[in-house]
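Working notes, beginning with the structure itself.
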Amino acid sequence: MVLLKIQNLVKSYPSPDGGVVRVLDVPEFSMEKGEQVALQGDSGSGKTTFLHLLSGILQPDQGTIFLNGEDITMLGEAERDRLRATSIGYIFQTFNLLQGFTCLENVLLGMSFGPGADETRAKELLDRVGLSDRFHHHPRQLSIGQQQRVAVARALANKPSLVLADEPTGNLDPENTHLAIDLMRELCSENDAGLLLVSHDVKVVESLPRKEVWDDMNVLLSKGNQK
């Protein structure tokens, strides 16, 4: 079953000299339900822009993005916000945890934008990521690896069909990187969620079943490469 299907996706930005710089060009890309895919590319290759387009944070200049059969490029801003809250989990490189709230509150707040806060599920997820003794800790009281696990729990809280991970191990040491990738993959599999992870780290990219690479012209040529 197709989860995500993209065609002729283009995004450009104005340049300081008054011209236009094309930062992303995706002729074709697709993912099956529950599939786990890594996107590799250098800094500035359009990886984060791609995820922002898929999540509805940005709108493309042209092209289509079908998620669960619905073209999200045709939705208004409020509709894209609702879709993001219910169908997409996002793991940011800097985690984007709210510092004034506890681990449990961070997950519950993420849930409140979707179906609604469910304390039982929030606690189950935090327990699942090994933080059952950190429910009431604030992010500043956690290690970087623990903060990342809270971010993973929050991303899975609303049972999304697609999880987007933007350089999620960029701030972790090698040991925690390995643990984090295993955790993300396992939780996505348990929830039958597709995982689309972008990274410049070759080891991270190679740890997923499918790899896609941006070329030096910011073009993603999807070939469905398998390991």
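Scheme for the structure tokens: letters A, B, ... for chains in order shown; per-chain residue numbers from 1; ligand numbers from 1 in order shown.
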At a cut-off of 9 Å, using only C-alpha atoms, what residues contact Gly63 in chain A? Leave out same-chain residues fewer than 4 positions from it and give the result as a list of chain:residue names.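 So, after excluding close chain neighbours, the residues are A:Ile6, A:Gln7, A:Asn8, A:Leu9, A:Val10, A:Val26, A:Pro27, A:Thr73.
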Give me the residues near Glu190 in chain A as a list in words, where near means some atom within 12 Å (using only C-alpha atoms) and where sequence neighbours in that chain fewer than 2 positions away do not count.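 With the cut-off at 12 Å, the set is Gly34, Leu125, Arg128, Leu156, Lys159, Pro160, Ser161, Leu183, Met184, Arg185, Glu186, Leu187, Cys188, Asp192, Ala193, Gly194 and Leu195 of chain A.
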Next, the residues of the selection above should be written as a PDB file, in the first residue's frame with N, CA and C atoms.
```pdb
ATOM      1  N   GLY A  34       4.643   1.675   6.213  1.00  0.00           N
ATOM      2  CA  GLY A  34       5.557   0.997   7.116  1.00  0.00           C
ATOM      3  C   GLY A  34       6.995   0.918   6.638  1.00  0.00           C
ATOM      4  N   LEU A 125       4.561   5.284  26.381  1.00  0.00           N
ATOM      5  CA  LEU A 125       5.611   5.602  25.417  1.00  0.00           C
ATOM      6  C   LEU A 125       6.915   5.980  26.117  1.00  0.00           C
ATOM      7  N   ARG A 128       8.425   3.000  27.340  1.00  0.00           N
ATOM      8  CA  ARG A 128       8.963   2.221  26.217  1.00  0.00           C
ATOM      9  C   ARG A 128      10.334   2.722  25.791  1.00  0.00           C
ATOM     10  N   LEU A 156       5.726   9.815  18.194  1.00  0.00           N
ATOM     11  CA  LEU A 156       4.879   8.626  18.010  1.00  0.00           C
ATOM     12  C   LEU A 156       3.564   8.709  18.768  1.00  0.00           C
ATOM     13  N   LYS A 159       0.116   8.277  17.024  1.00  0.00           N
ATOM     14  CA  LYS A 159       0.070   7.137  16.104  1.00  0.00           C
ATOM     15  C   LYS A 159       0.082   7.594  14.639  1.00  0.00           C
ATOM     16  N   PRO A 160       1.121   8.347  14.252  1.00  0.00           N
ATOM     17  CA  PRO A 160       1.186   8.866  12.877  1.00  0.00           C
ATOM     18  C   PRO A 160       1.436   7.749  11.872  1.00  0.00           C
ATOM     19  N   SER A 161       1.051   8.001  10.638  1.00  0.00           N
ATOM     20  CA  SER A 161       1.343   7.034   9.579  1.00  0.00           C
ATOM     21  C   SER A 161       2.730   7.268   8.999  1.00  0.00           C
ATOM     22  N   LEU A 183      15.990   2.348  18.308  1.00  0.00           N
ATOM     23  CA  LEU A 183      14.741   2.679  18.996  1.00  0.00           C
ATOM     24  C   LEU A 183      13.711   3.240  18.020  1.00  0.00           C
ATOM     25  N   MET A 184      14.127   4.175  17.177  1.00  0.00           N
ATOM     26  CA  MET A 184      13.201   4.761  16.199  1.00  0.00           C
ATOM     27  C   MET A 184      12.646   3.698  15.265  1.00  0.00           C
ATOM     28  N   ARG A 185      13.527   2.843  14.767  1.00  0.00           N
ATOM     29  CA  ARG A 185      13.097   1.813  13.832  1.00  0.00           C
ATOM     30  C   ARG A 185      12.132   0.834  14.496  1.00  0.00           C
ATOM     31  N   GLU A 186      12.441   0.460  15.719  1.00  0.00           N
ATOM     32  CA  GLU A 186      11.609  -0.512  16.421  1.00  0.00           C
ATOM     33  C   GLU A 186      10.226   0.057  16.716  1.00  0.00           C
ATOM     34  N   LEU A 187      10.176   1.301  17.208  1.00  0.00           N
ATOM     35  CA  LEU A 187       8.893   1.908  17.540  1.00  0.00           C
ATOM     36  C   LEU A 187       8.050   2.155  16.293  1.00  0.00           C
ATOM     37  N   CYS A 188       8.683   2.568  15.205  1.00  0.00           N
ATOM     38  CA  CYS A 188       7.945   2.766  13.957  1.00  0.00           C
ATOM     39  C   CYS A 188       7.376   1.442  13.459  1.00  0.00           C
ATOM     40  N   ASP A 192       3.524   0.447  12.848  1.00  0.00           N
ATOM     41  CA  ASP A 192       3.290   0.363  11.408  1.00  0.00           C
ATOM     42  C   ASP A 192       3.395   1.734  10.744  1.00  0.00           C
ATOM     43  N   ALA A 193       4.306   2.562  11.247  1.00  0.00           N
ATOM     44  CA  ALA A 193       4.516   3.902  10.700  1.00  0.00           C
ATOM     45  C   ALA A 193       5.695   3.891   9.734  1.00  0.00           C
ATOM     46  N   GLY A 194       5.563   4.593   8.638  1.00  0.00           N
ATOM     47  CA  GLY A 194       6.692   4.789   7.747  1.00  0.00           C
ATOM     48  C   GLY A 194       7.706   5.707   8.395  1.00  0.00           C
ATOM     49  N   LEU A 195       8.989   5.481   8.134  1.00  0.00           N
ATOM     50  CA  LEU A 195      10.057   6.319   8.689  1.00  0.00           C
ATOM     51  C   LEU A 195      10.880   6.880   7.545  1.00  0.00           C
TER      52      LEU A 195
END
```
All alpha helix (DSSP H) residues (DSSP, backbone) inside range 120-188 of chain A, as a PyMOL selection string: chain A and resi 120-128+144-156+174-188
Surrounding residues of Glu32 in chain A excluding itself and chain neighbours under 3 positions, 9 Å, only C-alpha atoms, as a VMD selection string: chain A and resid 1 to 5 35 to 36 194
Could you dump the residues just selected with N, CA and C atoms as a PDB file, in the first residue's frame?
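Ended up saving to again_5.pdb:
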```pdb
ATOM      1  N   MET A   1       0.847  -1.198   0.000  1.00  0.00           N
ATOM      2  CA  MET A   1       0.000   0.000   0.000  1.00  0.00           C
ATOM      3  C   MET A   1       0.878   1.242   0.000  1.00  0.00           C
ATOM      4  N   VAL A   2       0.610   2.178  -0.904  1.00  0.00           N
ATOM      5  CA  VAL A   2       1.413   3.393  -1.003  1.00  0.00           C
ATOM      6  C   VAL A   2       1.055   4.366   0.125  1.00  0.00           C
ATOM      7  N   LEU A   3       2.065   4.780   0.865  1.00  0.00           N
ATOM      8  CA  LEU A   3       1.891   5.766   1.924  1.00  0.00           C
ATOM      9  C   LEU A   3       2.132   7.173   1.404  1.00  0.00           C
ATOM     10  N   LEU A   4       3.219   7.331   0.645  1.00  0.00           N
ATOM     11  CA  LEU A   4       3.653   8.649   0.198  1.00  0.00           C
ATOM     12  C   LEU A   4       4.036   8.584  -1.268  1.00  0.00           C
ATOM     13  N   LYS A   5       3.520   9.529  -2.056  1.00  0.00           N
ATOM     14  CA  LYS A   5       3.859   9.577  -3.476  1.00  0.00           C
ATOM     15  C   LYS A   5       4.047  11.028  -3.893  1.00  0.00           C
ATOM     16  N   GLU A  35       7.295   1.444   5.442  1.00  0.00           N
ATOM     17  CA  GLU A  35       8.656   1.374   4.913  1.00  0.00           C
ATOM     18  C   GLU A  35       9.576   2.343   5.650  1.00  0.00           C
ATOM     19  N   GLN A  36      10.867   1.977   5.718  1.00  0.00           N
ATOM     20  CA  GLN A  36      11.864   2.812   6.393  1.00  0.00           C
ATOM     21  C   GLN A  36      12.940   3.198   5.392  1.00  0.00           C
ATOM     22  N   GLY A 194       5.563   4.593   8.638  1.00  0.00           N
ATOM     23  CA  GLY A 194       6.692   4.789   7.747  1.00  0.00           C
ATOM     24  C   GLY A 194       7.706   5.707   8.395  1.00  0.00           C
TER      25      GLY A 194
END
```
Which of range 3-221 of chain A counts as strand (DSSP E) under DSSP, as a ChimeraX atom specification please? /A:3-14,20-32,36-40,62-67,70-71,88-91,162-166,194-199,210-213,219-221
My list of candidates is A:Pro174, A:Gly56, A:Gly114, A:Pro209. Which is closest to Leu75 in chain A when distances are computed with only C-alpha atoms?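 For Leu75 in chain A, the nearest of the candidates is A:Gly56.
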Close residues, Leu131 in chain A itself excluded, 9 Å, only C-alpha atoms, min 3 positions apart in chain, as a count of residues only: 11
For Pro60 in chain A, which residue among A:His136, A:Lys33, A:Arg22, A:Lys11 is the nearest when counting only C-alpha atoms?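 For Pro60 in chain A, the nearest of the candidates is A:Lys11.
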Restricting the calculation to only C-alpha atoms, which member of A:Leu83, A:Leu53, A:Ile181, A:Ala122 is positioned closest to Thr102 in chain A?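 Looking at the shortest contact to Thr102 in chain A, the residue is A:Ala122.
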